[in-house]
Amino acid sequence: MPGIKGPSDYSQEPPRHPSLQINSKVPFNAEPPRSALASSYVTPVDLFYKRNHGPIPLVDDIDRYCVDICGLIRTPKKLYMRDVRMLPKYNVTATLQCAGNRRTAMSKTRKVRGVGWDVSAIGNAVWGGAKLADVLELIGIPKLTCSTQSGGKHVEFVSIDKCKEENGGPYKASIPLSQATNPEADVLLAYEMNEEPLNRDHGYPLRVIVPGVIGARSVKWLDSINIIAEECQGFFMQKDYKMFPPSVDWDNINWSTRRPQMDFPVQSVICSLEDVQSIKPGKVTISGYAVSGGGRGIERVDISIDGGKTWLEASRSQKTGAPYIADHVSSDKWAWVLFEVTVDIPYSTEIVAKAVDSAANVQPENVQDIWNLRGILNTSWHRVQVRVGHSNM
Ligand SMILES: Nc1nc2c(c(=O)[nH]1)N[C@H]1C(S)=C(S)[C@@H](COP(=O)(O)O)O[C@H]1N2
Ligand SMILES: [Mo]
């Protein structure tokens with residue numbers, strides 16, 4: 001491939017921030033401490049979770065780097081960085097969440113397979129780049145197209161990294177053509193993250209961002225775009241990242257019975273407290289993040305300090321100085337909201353958070369109800385135990 005290559009070993013990995021908690025060294029999978037996460041609306045790049053399935057690709061000649069656009073189209077095209085930069089640039093603030101976020105907690109009720117993540121396999125960034133809808137127009141596919149004349153219905157993104165799950169082949173995924181050609185869906189070919197060029201861990205020089213959808217579809221280190229009739233047949237679309245009921249286990253799984261997961265459901269997490277945390281009796285600030293998929297806003301975040309018997313409402317915010325209103329034009333529709341409430345906690349208890357999105361979807365109470373063998377989409381009520389110590393007792 002011109003200009004970029006996918007190494008087959010881990011000898012050329014980029015430097016990483018020392019405070020990241022490493023869940024797997026090779027491939028590199030790491031998340032920030034939860035306390036760092038909810039302290040800023042836009043997650044700093046070095047603290048943003050890193051989720052990889054192989055060694056990080058290397059660009060040796062950025063001028064020769066290009067994306068092959070091919071498949072069910074009349075004229076294939078080579079898309080160079082200069083072509084991407086010539087298109088109108090959009091900055092989209094969007095939360096990326098790995099479907100495996102909070103997997104470790106799900107594994108506690110019954111073992112699941114996958115990288116163990118705490119609550120920080122998520123981050124919110126300002127992604128800068130061209131809209132995929134504009135790129136596809138360059139090759140003759142108009143906006144809001146469901147199907148091309150030659151039967152193309154899906155857009156496949158293929159990377160250059162070497163993944164074990166693909167038997168050494170590249171990571172790939174697809175989205176429907178209708179979403180790819182809809183300018184309102186804000187699907188980007190991004191070359192910037194937080195107004196800096198993407199770094200190697202996050203997909204330099206060019207990655208896909210599919211807002212509101214599980215992170216697995218936002219393919220990094222883009223090598224080709226294929227217009228295809230059926231959804232991508234790769235491992236991560238067909239044999240992974242699908243939601244199964246608790247009755248399905250490794251001895252009775254039939255992957256073809258379920259659809260690849262796309263939008264993520266409503267989620268919220270308390271970041272200001274570890275589980276378990278010792279505190280002094282008195283006022284405690286409970287803060288964290290809440291987010292929903294599909295561009296749905298957060299209508300409410302409820303906090304309980306008695307294990308879920310009674311609730312109070314937390315305040316929500318995105319940008320300082322502007323009130324957050326779910327689904328309002330002034331809100332970042334693809335981004336998380338931070339929540340906060342200060343309460344008096346006189347005794348040891350369980351603190352719980354649950355969010356409600358703008359479609360009135362609520363997080364499920366029990367993790368058992370949504371347990372699945374791959375441990376994806378743990379969006380059950382987030383609980384932390386606090387032990388209150390009375391120093392004068
Ligand atoms: N090429 C490539 N793209 C990829 C992956 C990968 O391993 N290779 N991982 C996916 C998954 S599962 C997630 S959650 C996000 C993580 O993006 P980040 O590392 O920038 O946080 O990238 C997605 N895109
Ligand atoms: Mo992921």
# chains A, B, ... in the order shown; residues from 1 in each chain; ligands from 1
$ residues_around --residues "A:Ser330" --least-positions-apart "3" --cutoff "12 Å" --atoms "only C-alpha atoms" --output "list in words"
Gly297, Ser317, Gln318, Lys319, Gly321, Ala322, Pro323, Tyr324, Ile325, Ala326, Asp327 and Lys333 of chain A
$ write_last_selection --atoms "C-alpha atoms" --output "PDB file, in the first residue's frame"
ATOM      1  CA  GLY A 297     -29.936  13.654  23.957  1.00  0.00           C
ATOM      2  CA  SER A 317     -24.022  20.314  31.218  1.00  0.00           C
ATOM      3  CA  GLN A 318     -21.982  20.308  28.037  1.00  0.00           C
ATOM      4  CA  LYS A 319     -20.429  23.728  27.522  1.00  0.00           C
ATOM      5  CA  GLY A 321     -22.239  29.136  30.337  1.00  0.00           C
ATOM      6  CA  ALA A 322     -24.925  27.525  28.198  1.00  0.00           C
ATOM      7  CA  PRO A 323     -27.687  25.414  29.706  1.00  0.00           C
ATOM      8  CA  TYR A 324     -27.940  21.928  28.267  1.00  0.00           C
ATOM      9  CA  ILE A 325     -31.242  21.124  26.582  1.00  0.00           C
ATOM     10  CA  ALA A 326     -31.589  17.633  25.119  1.00  0.00           C
ATOM     11  CA  ASP A 327     -32.042  17.570  21.321  1.00  0.00           C
ATOM     12  CA  LYS A 333     -26.163  15.959  19.671  1.00  0.00           C
TER      13      LYS A 333
END
$ select_by_dssp --residues "stretch 74-231 of chain A" --states "alpha helix (DSSP H)" --output "list of chain:residue names"
A:Met81, A:Arg82, A:Asp83, A:Val84, A:Arg85, A:Met86, A:Arg103, A:Thr104, A:Ala105, A:Met106, A:Ser107, A:Lys108, A:Thr109, A:Leu132, A:Ala133, A:Asp134, A:Val135, A:Leu136, A:Glu137, A:Leu138, A:Leu177, A:Ser178, A:Gln179, A:Ala180
$ write_last_selection --atoms "C-alpha atoms" --output "PDB file, in the first residue's frame"
ATOM      1  CA  MET A  81      -5.087  13.781   1.644  1.00  0.00           C
ATOM      2  CA  ARG A  82      -5.126  16.922  -0.518  1.00  0.00           C
ATOM      3  CA  ASP A  83      -8.481  15.790  -1.999  1.00  0.00           C
ATOM      4  CA  VAL A  84      -9.927  15.303   1.488  1.00  0.00           C
ATOM      5  CA  ARG A  85      -8.640  18.686   2.656  1.00  0.00           C
ATOM      6  CA  MET A  86     -10.144  20.397  -0.386  1.00  0.00           C
ATOM      7  CA  ARG A 103     -17.202  -5.290  30.602  1.00  0.00           C
ATOM      8  CA  THR A 104     -15.268  -6.120  33.788  1.00  0.00           C
ATOM      9  CA  ALA A 105     -18.372  -5.438  35.880  1.00  0.00           C
ATOM     10  CA  MET A 106     -20.514  -7.652  33.628  1.00  0.00           C
ATOM     11  CA  SER A 107     -17.970 -10.451  33.981  1.00  0.00           C
ATOM     12  CA  LYS A 108     -18.468 -10.425  37.750  1.00  0.00           C
ATOM     13  CA  THR A 109     -21.967 -11.885  37.506  1.00  0.00           C
ATOM     14  CA  LEU A 132     -18.251  11.097   3.986  1.00  0.00           C
ATOM     15  CA  ALA A 133     -21.378  12.312   2.141  1.00  0.00           C
ATOM     16  CA  ASP A 134     -19.217  14.923   0.358  1.00  0.00           C
ATOM     17  CA  VAL A 135     -16.524  12.356  -0.442  1.00  0.00           C
ATOM     18  CA  LEU A 136     -19.072   9.980  -1.955  1.00  0.00           C
ATOM     19  CA  GLU A 137     -20.461  12.811  -4.059  1.00  0.00           C
ATOM     20  CA  LEU A 138     -17.000  13.102  -5.633  1.00  0.00           C
ATOM     21  CA  LEU A 177     -25.126   3.756   2.300  1.00  0.00           C
ATOM     22  CA  SER A 178     -28.157   5.745   3.459  1.00  0.00           C
ATOM     23  CA  GLN A 179     -26.265   6.796   6.607  1.00  0.00           C
ATOM     24  CA  ALA A 180     -23.013   7.409   4.719  1.00  0.00           C
TER      25      ALA A 180
END
$ residues_near_ligand --ligand "ligand 2" --cutoff "6 Å" --atoms "only C-alpha atoms and all ligand atoms" --output "PyMOL selection string"
chain A and resi 98-100+215-216
$ write_last_selection --atoms "C-alpha atoms" --output "CSV table (one decimal), in the first residue's frame"
chain,number,residue,atom,x,y,z
A,98,CYS,CA,-16.3,1.0,22.9
A,99,ALA,CA,-19.0,-1.6,23.1
A,100,GLY,CA,-16.9,-3.3,25.7
A,215,GLY,CA,-16.7,2.6,18.4
A,216,ALA,CA,-16.0,-0.6,16.4
$ closest_atom_pairs --of "chain A" --to "ligand 1" --cutoff "8 Å" --atoms "only C-alpha atoms and all ligand atoms" --output "JSON lines"
{"residue": "A:Asn29", "atom": "CA", "partner": "ligand 1", "partner_atom_place_in_ligand_line": "19 (O)", "distance": 7.9}
{"residue": "A:Phe48", "atom": "CA", "partner": "ligand 1", "partner_atom_place_in_ligand_line": "21 (O)", "distance": 6.2}
{"residue": "A:Tyr49", "atom": "CA", "partner": "ligand 1", "partner_atom_place_in_ligand_line": "21 (O)", "distance": 4.8}
{"residue": "A:Lys50", "atom": "CA", "partner": "ligand 1", "partner_atom_place_in_ligand_line": "19 (O)", "distance": 3.6}
{"residue": "A:Arg51", "atom": "CA", "partner": "ligand 1", "partner_atom_place_in_ligand_line": "19 (O)", "distance": 3.9}
{"residue": "A:Asn52", "atom": "CA", "partner": "ligand 1", "partner_atom_place_in_ligand_line": "7 (O)", "distance": 3.6}
{"residue": "A:His53", "atom": "CA", "partner": "ligand 1", "partner_atom_place_in_ligand_line": "7 (O)", "distance": 3.8}
{"residue": "A:Gly54", "atom": "CA", "partner": "ligand 1", "partner_atom_place_in_ligand_line": "7 (O)", "distance": 6.2}
{"residue": "A:Leu96", "atom": "CA", "partner": "ligand 1", "partner_atom_place_in_ligand_line": "21 (O)", "distance": 6.8}
{"residue": "A:Gln97", "atom": "CA", "partner": "ligand 1", "partner_atom_place_in_ligand_line": "14 (S)", "distance": 5.9}
{"residue": "A:Cys98", "atom": "CA", "partner": "ligand 1", "partner_atom_place_in_ligand_line": "14 (S)", "distance": 3.6}
{"residue": "A:Ala99", "atom": "CA", "partner": "ligand 1", "partner_atom_place_in_ligand_line": "14 (S)", "distance": 6.5}
{"residue": "A:Gly100", "atom": "CA", "partner": "ligand 1", "partner_atom_place_in_ligand_line": "14 (S)", "distance": 7.6}
{"residue": "A:Ala121", "atom": "CA", "partner": "ligand 1", "partner_atom_place_in_ligand_line": "14 (S)", "distance": 7.4}
{"residue": "A:Ile122", "atom": "CA", "partner": "ligand 1", "partner_atom_place_in_ligand_line": "21 (O)", "distance": 7.2}
{"residue": "A:Gly123", "atom": "CA", "partner": "ligand 1", "partner_atom_place_in_ligand_line": "21 (O)", "distance": 7.4}
{"residue": "A:Val158", "atom": "CA", "partner": "ligand 1", "partner_atom_place_in_ligand_line": "1 (N)", "distance": 7.3}
{"residue": "A:Ser159", "atom": "CA", "partner": "ligand 1", "partner_atom_place_in_ligand_line": "1 (N)", "distance": 4.7}
{"residue": "A:Ile160", "atom": "CA", "partner": "ligand 1", "partner_atom_place_in_ligand_line": "1 (N)", "distance": 6.6}
{"residue": "A:Asp161", "atom": "CA", "partner": "ligand 1", "partner_atom_place_in_ligand_line": "1 (N)", "distance": 5.8}
{"residue": "A:Cys163", "atom": "CA", "partner": "ligand 1", "partner_atom_place_in_ligand_line": "7 (O)", "distance": 7.4}
{"residue": "A:Pro170", "atom": "CA", "partner": "ligand 1", "partner_atom_place_in_ligand_line": "1 (N)", "distance": 6.9}
{"residue": "A:Tyr171", "atom": "CA", "partner": "ligand 1", "partner_atom_place_in_ligand_line": "1 (N)", "distance": 4.8}
{"residue": "A:Lys172", "atom": "CA", "partner": "ligand 1", "partner_atom_place_in_ligand_line": "1 (N)", "distance": 6.7}
{"residue": "A:Asp201", "atom": "CA", "partner": "ligand 1", "partner_atom_place_in_ligand_line": "19 (O)", "distance": 6.1}
{"residue": "A:His202", "atom": "CA", "partner": "ligand 1", "partner_atom_place_in_ligand_line": "20 (O)", "distance": 3.9}
{"residue": "A:Gly203", "atom": "CA", "partner": "ligand 1", "partner_atom_place_in_ligand_line": "20 (O)", "distance": 6.6}
{"residue": "A:Arg207", "atom": "CA", "partner": "ligand 1", "partner_atom_place_in_ligand_line": "3 (N)", "distance": 7.8}
{"residue": "A:Ile214", "atom": "CA", "partner": "ligand 1", "partner_atom_place_in_ligand_line": "14 (S)", "distance": 6.8}
{"residue": "A:Gly215", "atom": "CA", "partner": "ligand 1", "partner_atom_place_in_ligand_line": "14 (S)", "distance": 3.8}
{"residue": "A:Ala216", "atom": "CA", "partner": "ligand 1", "partner_atom_place_in_ligand_line": "12 (S)", "distance": 3.7}
{"residue": "A:Arg217", "atom": "CA", "partner": "ligand 1", "partner_atom_place_in_ligand_line": "23 (C)", "distance": 6.0}
{"residue": "A:Ser218", "atom": "CA", "partner": "ligand 1", "partner_atom_place_in_ligand_line": "24 (N)", "distance": 4.9}
{"residue": "A:Val219", "atom": "CA", "partner": "ligand 1", "partner_atom_place_in_ligand_line": "3 (N)", "distance": 3.7}
{"residue": "A:Lys220", "atom": "CA", "partner": "ligand 1", "partner_atom_place_in_ligand_line": "3 (N)", "distance": 3.9}
{"residue": "A:Trp221", "atom": "CA", "partner": "ligand 1", "partner_atom_place_in_ligand_line": "1 (N)", "distance": 5.5}
{"residue": "A:Leu222", "atom": "CA", "partner": "ligand 1", "partner_atom_place_in_ligand_line": "1 (N)", "distance": 6.9}
$ closest_residue --among "A:Pro183, A:Pro55, A:Gly151, A:Pro197" --to "A:Trp127" --atoms "only C-alpha atoms"
A:Pro197
$ closest_residue --among "A:Gly140, A:Pro44, A:Gly116, A:Pro32" --to "A:Asn194" --atoms "only C-alpha atoms"
A:Pro44
$ residues_around --residues "A:Glu313" --least-positions-apart "6" --cutoff "9 Å" --atoms "only C-alpha atoms" --output "PyMOL selection string"
chain A and resi 300-304+341
$ write_last_selection --atoms "N, CA and C atoms" --output "mmCIF file, in the first residue's frame"
data_model
loop_
_atom_site.group_PDB
_atom_site.id
_atom_site.type_symbol
_atom_site.label_atom_id
_atom_site.label_comp_id
_atom_site.auth_asym_id
_atom_site.auth_seq_id
_atom_site.Cartn_x
_atom_site.Cartn_y
_atom_site.Cartn_z
ATOM 1 N N ARG A 300 -32.502 13.249 31.348
ATOM 2 C CA ARG A 300 -32.462 13.250 32.804
ATOM 3 C C ARG A 300 -31.349 12.332 33.284
ATOM 4 N N VAL A 301 -30.721 12.696 34.404
ATOM 5 C CA VAL A 301 -29.834 11.749 35.084
ATOM 6 C C VAL A 301 -30.311 11.670 36.526
ATOM 7 N N ASP A 302 -30.652 10.475 36.964
ATOM 8 C CA ASP A 302 -31.156 10.245 38.318
ATOM 9 C C ASP A 302 -30.060 9.625 39.175
ATOM 10 N N ILE A 303 -29.967 10.119 40.398
ATOM 11 C CA ILE A 303 -28.977 9.593 41.343
ATOM 12 C C ILE A 303 -29.714 9.104 42.586
ATOM 13 N N SER A 304 -29.304 7.949 43.053
ATOM 14 C CA SER A 304 -29.860 7.426 44.306
ATOM 15 C C SER A 304 -28.725 7.260 45.304
ATOM 16 N N VAL A 341 -24.234 16.360 41.106
ATOM 17 C CA VAL A 341 -25.158 16.664 42.197
ATOM 18 C C VAL A 341 -24.393 16.553 43.511
#
$ residues_around --residues "stretch 227-239 of chain A" --least-positions-apart "5" --cutoff "10 Å" --atoms "only C-alpha atoms" --output "JSON, numbers by chain"
{"A": [69, 70, 71, 72, 73, 136, 147, 148, 150, 151, 152, 153, 154, 155, 156, 157, 158, 163, 165, 166, 167, 169, 170, 171, 172, 173, 174, 175, 176, 177, 216, 217, 254, 255, 256, 257, 258, 259, 260, 261, 262]}
$ closest_residue --among "A:Val42, A:Leu47, A:Leu58, A:Ala335" --to "A:Tyr10" --atoms "only C-alpha atoms"
A:Leu58
$ residues_around --residues "A:Ala314" --least-positions-apart "2" --cutoff "12 Å" --atoms "only C-alpha atoms" --output "PDB file with C-alpha atoms, in the first residue's frame"
ATOM      1  CA  SER A 268     -24.300   6.778  32.508  1.00  0.00           C
ATOM      2  CA  ILE A 270     -20.290   7.950  38.147  1.00  0.00           C
ATOM      3  CA  THR A 285     -20.229  15.715  44.952  1.00  0.00           C
ATOM      4  CA  ILE A 286     -21.322  12.939  42.628  1.00  0.00           C
ATOM      5  CA  SER A 287     -20.358  13.553  39.002  1.00  0.00           C
ATOM      6  CA  GLY A 288     -19.909  11.599  35.817  1.00  0.00           C
ATOM      7  CA  TYR A 289     -20.983  11.242  32.208  1.00  0.00           C
ATOM      8  CA  ALA A 290     -24.211  10.267  30.440  1.00  0.00           C
ATOM      9  CA  ILE A 298     -29.940  13.049  27.696  1.00  0.00           C
ATOM     10  CA  GLU A 299     -33.272  14.055  29.193  1.00  0.00           C
ATOM     11  CA  ARG A 300     -32.462  13.250  32.804  1.00  0.00           C
ATOM     12  CA  VAL A 301     -29.834  11.749  35.084  1.00  0.00           C
ATOM     13  CA  ASP A 302     -31.156  10.245  38.318  1.00  0.00           C
ATOM     14  CA  ILE A 303     -28.977   9.593  41.343  1.00  0.00           C
ATOM     15  CA  SER A 304     -29.860   7.426  44.306  1.00  0.00           C
ATOM     16  CA  TRP A 311     -33.899   9.260  43.419  1.00  0.00           C
ATOM     17  CA  LEU A 312     -32.881  12.849  42.936  1.00  0.00           C
ATOM     18  CA  ARG A 316     -26.474  18.283  33.261  1.00  0.00           C
ATOM     19  CA  SER A 317     -24.022  20.314  31.218  1.00  0.00           C
ATOM     20  CA  VAL A 337     -23.290  15.378  28.956  1.00  0.00           C
ATOM     21  CA  LEU A 338     -21.549  15.699  32.287  1.00  0.00           C
ATOM     22  CA  PHE A 339     -23.754  15.474  35.360  1.00  0.00           C
ATOM     23  CA  GLU A 340     -23.271  16.620  38.915  1.00  0.00           C
ATOM     24  CA  VAL A 341     -25.158  16.664  42.197  1.00  0.00           C
ATOM     25  CA  THR A 342     -24.029  17.386  45.745  1.00  0.00           C
ATOM     26  CA  VAL A 343     -25.596  15.280  48.487  1.00  0.00           C
ATOM     27  CA  VAL A 352     -26.542   4.588  41.849  1.00  0.00           C
ATOM     28  CA  ALA A 353     -26.775   6.514  38.576  1.00  0.00           C
ATOM     29  CA  LYS A 354     -29.216   5.956  35.729  1.00  0.00           C
ATOM     30  CA  ALA A 355     -29.940   8.144  32.728  1.00  0.00           C
ATOM     31  CA  VAL A 356     -33.006   8.647  30.565  1.00  0.00           C
TER      32      VAL A 356
END
$ closest_residue --among "A:Leu144, A:Val119, A:Ile139, A:Ile4" --to "A:Asn378" --atoms "only C-alpha atoms"
A:Val119
$ atom_distance --atom1 "atom CA of A:Glu31" --atom2 "atom CA of A:Ser19"
8.8 Å
$ closest_residue --among "A:Pro14, A:Ala185, A:Ile351, A:Arg34" --to "A:Trp117" --atoms "only C-alpha atoms"
A:Arg34
$ select_by_dssp --residues "stretch 116-198 of chain A" --states "strand (DSSP E or B)" --output "PDB file with C-alpha atoms, in the first residue's frame"
ATOM      1  CA  ILE A 122     -15.184   6.170  26.253  1.00  0.00           C
ATOM      2  CA  GLY A 123     -14.143   9.717  25.407  1.00  0.00           C
ATOM      3  CA  ASN A 124     -15.479  12.894  23.881  1.00  0.00           C
ATOM      4  CA  ALA A 125     -13.469  14.671  21.184  1.00  0.00           C
ATOM      5  CA  VAL A 126     -13.764  17.328  18.519  1.00  0.00           C
ATOM      6  CA  TRP A 127     -13.206  15.447  15.262  1.00  0.00           C
ATOM      7  CA  GLY A 128     -12.181  17.526  12.265  1.00  0.00           C
ATOM      8  CA  GLY A 129     -12.487  16.320   8.702  1.00  0.00           C
ATOM      9  CA  ALA A 130     -14.589  15.968   5.579  1.00  0.00           C
ATOM     10  CA  LYS A 131     -18.079  14.542   5.546  1.00  0.00           C
ATOM     11  CA  HIS A 154     -23.365  -0.475   2.148  1.00  0.00           C
ATOM     12  CA  VAL A 155     -20.081   1.378   2.562  1.00  0.00           C
ATOM     13  CA  GLU A 156     -17.200  -0.742   3.789  1.00  0.00           C
ATOM     14  CA  PHE A 157     -14.133   0.772   5.455  1.00  0.00           C
ATOM     15  CA  VAL A 158     -10.942  -1.287   5.296  1.00  0.00           C
ATOM     16  CA  CYS A 163      -5.453  -8.350  13.183  1.00  0.00           C
ATOM     17  CA  GLY A 169      -5.802  -9.299   7.616  1.00  0.00           C
ATOM     18  CA  LYS A 172     -12.902  -3.603   8.585  1.00  0.00           C
ATOM     19  CA  ALA A 173     -16.530  -2.622   9.107  1.00  0.00           C
ATOM     20  CA  SER A 174     -19.418  -1.142   7.154  1.00  0.00           C
ATOM     21  CA  ILE A 175     -22.364   1.198   7.537  1.00  0.00           C
ATOM     22  CA  PRO A 176     -25.501   1.527   5.377  1.00  0.00           C
ATOM     23  CA  LEU A 188     -16.585  11.964   8.912  1.00  0.00           C
ATOM     24  CA  LEU A 189     -13.307  11.060   7.344  1.00  0.00           C
ATOM     25  CA  ALA A 190     -11.409  12.732  10.160  1.00  0.00           C
ATOM     26  CA  TYR A 191      -7.816  13.949  10.063  1.00  0.00           C
ATOM     27  CA  GLU A 192      -7.955  15.983  13.277  1.00  0.00           C
ATOM     28  CA  MET A 193      -8.754  15.228  16.901  1.00  0.00           C
ATOM     29  CA  GLU A 196      -4.499  18.666  16.216  1.00  0.00           C
ATOM     30  CA  PRO A 197      -3.583  16.166  13.515  1.00  0.00           C
TER      31      PRO A 197
END
$ atom_distance --atom1 "atom CA of A:Arg200" --atom2 "atom CA of A:Pro57"
7.2 Å
$ closest_residue --among "A:Cys271, A:Ala359, A:Leu20, A:Leu37" --to "A:His382" --atoms "only C-alpha atoms"
A:Cys271
$ decode --residues "stretch 47-64 of chain A" --atoms "N, CA and C atoms" --output "compact mmCIF listing (two decimals), in the first residue's frame"
# COMPACT_ATOMS: atom_id res chain seq x y z
N LEU A 47 -5.24 11.16 27.10
CA LEU A 47 -6.03 10.39 28.07
C LEU A 47 -7.20 9.65 27.42
N PHE A 48 -7.39 9.83 26.15
CA PHE A 48 -8.50 9.18 25.44
C PHE A 48 -8.20 7.68 25.35
N TYR A 49 -9.21 6.84 25.61
CA TYR A 49 -8.96 5.39 25.58
C TYR A 49 -8.42 4.95 24.22
N LYS A 50 -7.61 3.91 24.26
CA LYS A 50 -7.02 3.39 23.04
C LYS A 50 -7.43 1.94 22.89
N ARG A 51 -8.08 1.64 21.75
CA ARG A 51 -8.58 0.30 21.54
C ARG A 51 -8.06 -0.20 20.19
N ASN A 52 -7.16 -1.18 20.26
CA ASN A 52 -6.53 -1.69 19.04
C ASN A 52 -6.64 -3.20 18.96
N HIS A 53 -6.57 -3.71 17.73
CA HIS A 53 -6.60 -5.15 17.51
C HIS A 53 -5.30 -5.67 16.89
N GLY A 54 -4.33 -4.77 16.69
CA GLY A 54 -3.05 -5.17 16.10
C GLY A 54 -2.03 -4.07 16.33
N PRO A 55 -0.84 -4.23 15.75
CA PRO A 55 0.18 -3.18 15.87
C PRO A 55 -0.27 -1.88 15.17
N ILE A 56 0.20 -0.75 15.66
CA ILE A 56 -0.19 0.56 15.10
C ILE A 56 0.51 0.81 13.77
N PRO A 57 -0.26 1.10 12.71
CA PRO A 57 0.34 1.37 11.39
C PRO A 57 1.27 2.58 11.38
N LEU A 58 2.13 2.61 10.39
CA LEU A 58 3.14 3.67 10.23
C LEU A 58 3.02 4.30 8.85
N VAL A 59 3.04 5.62 8.81
CA VAL A 59 3.02 6.34 7.53
C VAL A 59 4.46 6.65 7.16
N ASP A 60 4.90 6.23 5.96
CA ASP A 60 6.26 6.60 5.57
C ASP A 60 6.28 7.72 4.54
N ASP A 61 5.17 7.92 3.83
CA ASP A 61 5.13 8.99 2.84
C ASP A 61 3.70 9.52 2.72
N ILE A 62 3.42 10.60 3.44
CA ILE A 62 2.06 11.13 3.51
C ILE A 62 1.58 11.64 2.13
N ASP A 63 2.50 12.05 1.27
CA ASP A 63 2.09 12.52 -0.06
C ASP A 63 1.60 11.39 -0.95
N ARG A 64 2.10 10.19 -0.69
CA ARG A 64 1.68 9.05 -1.51
C ARG A 64 0.48 8.32 -0.90
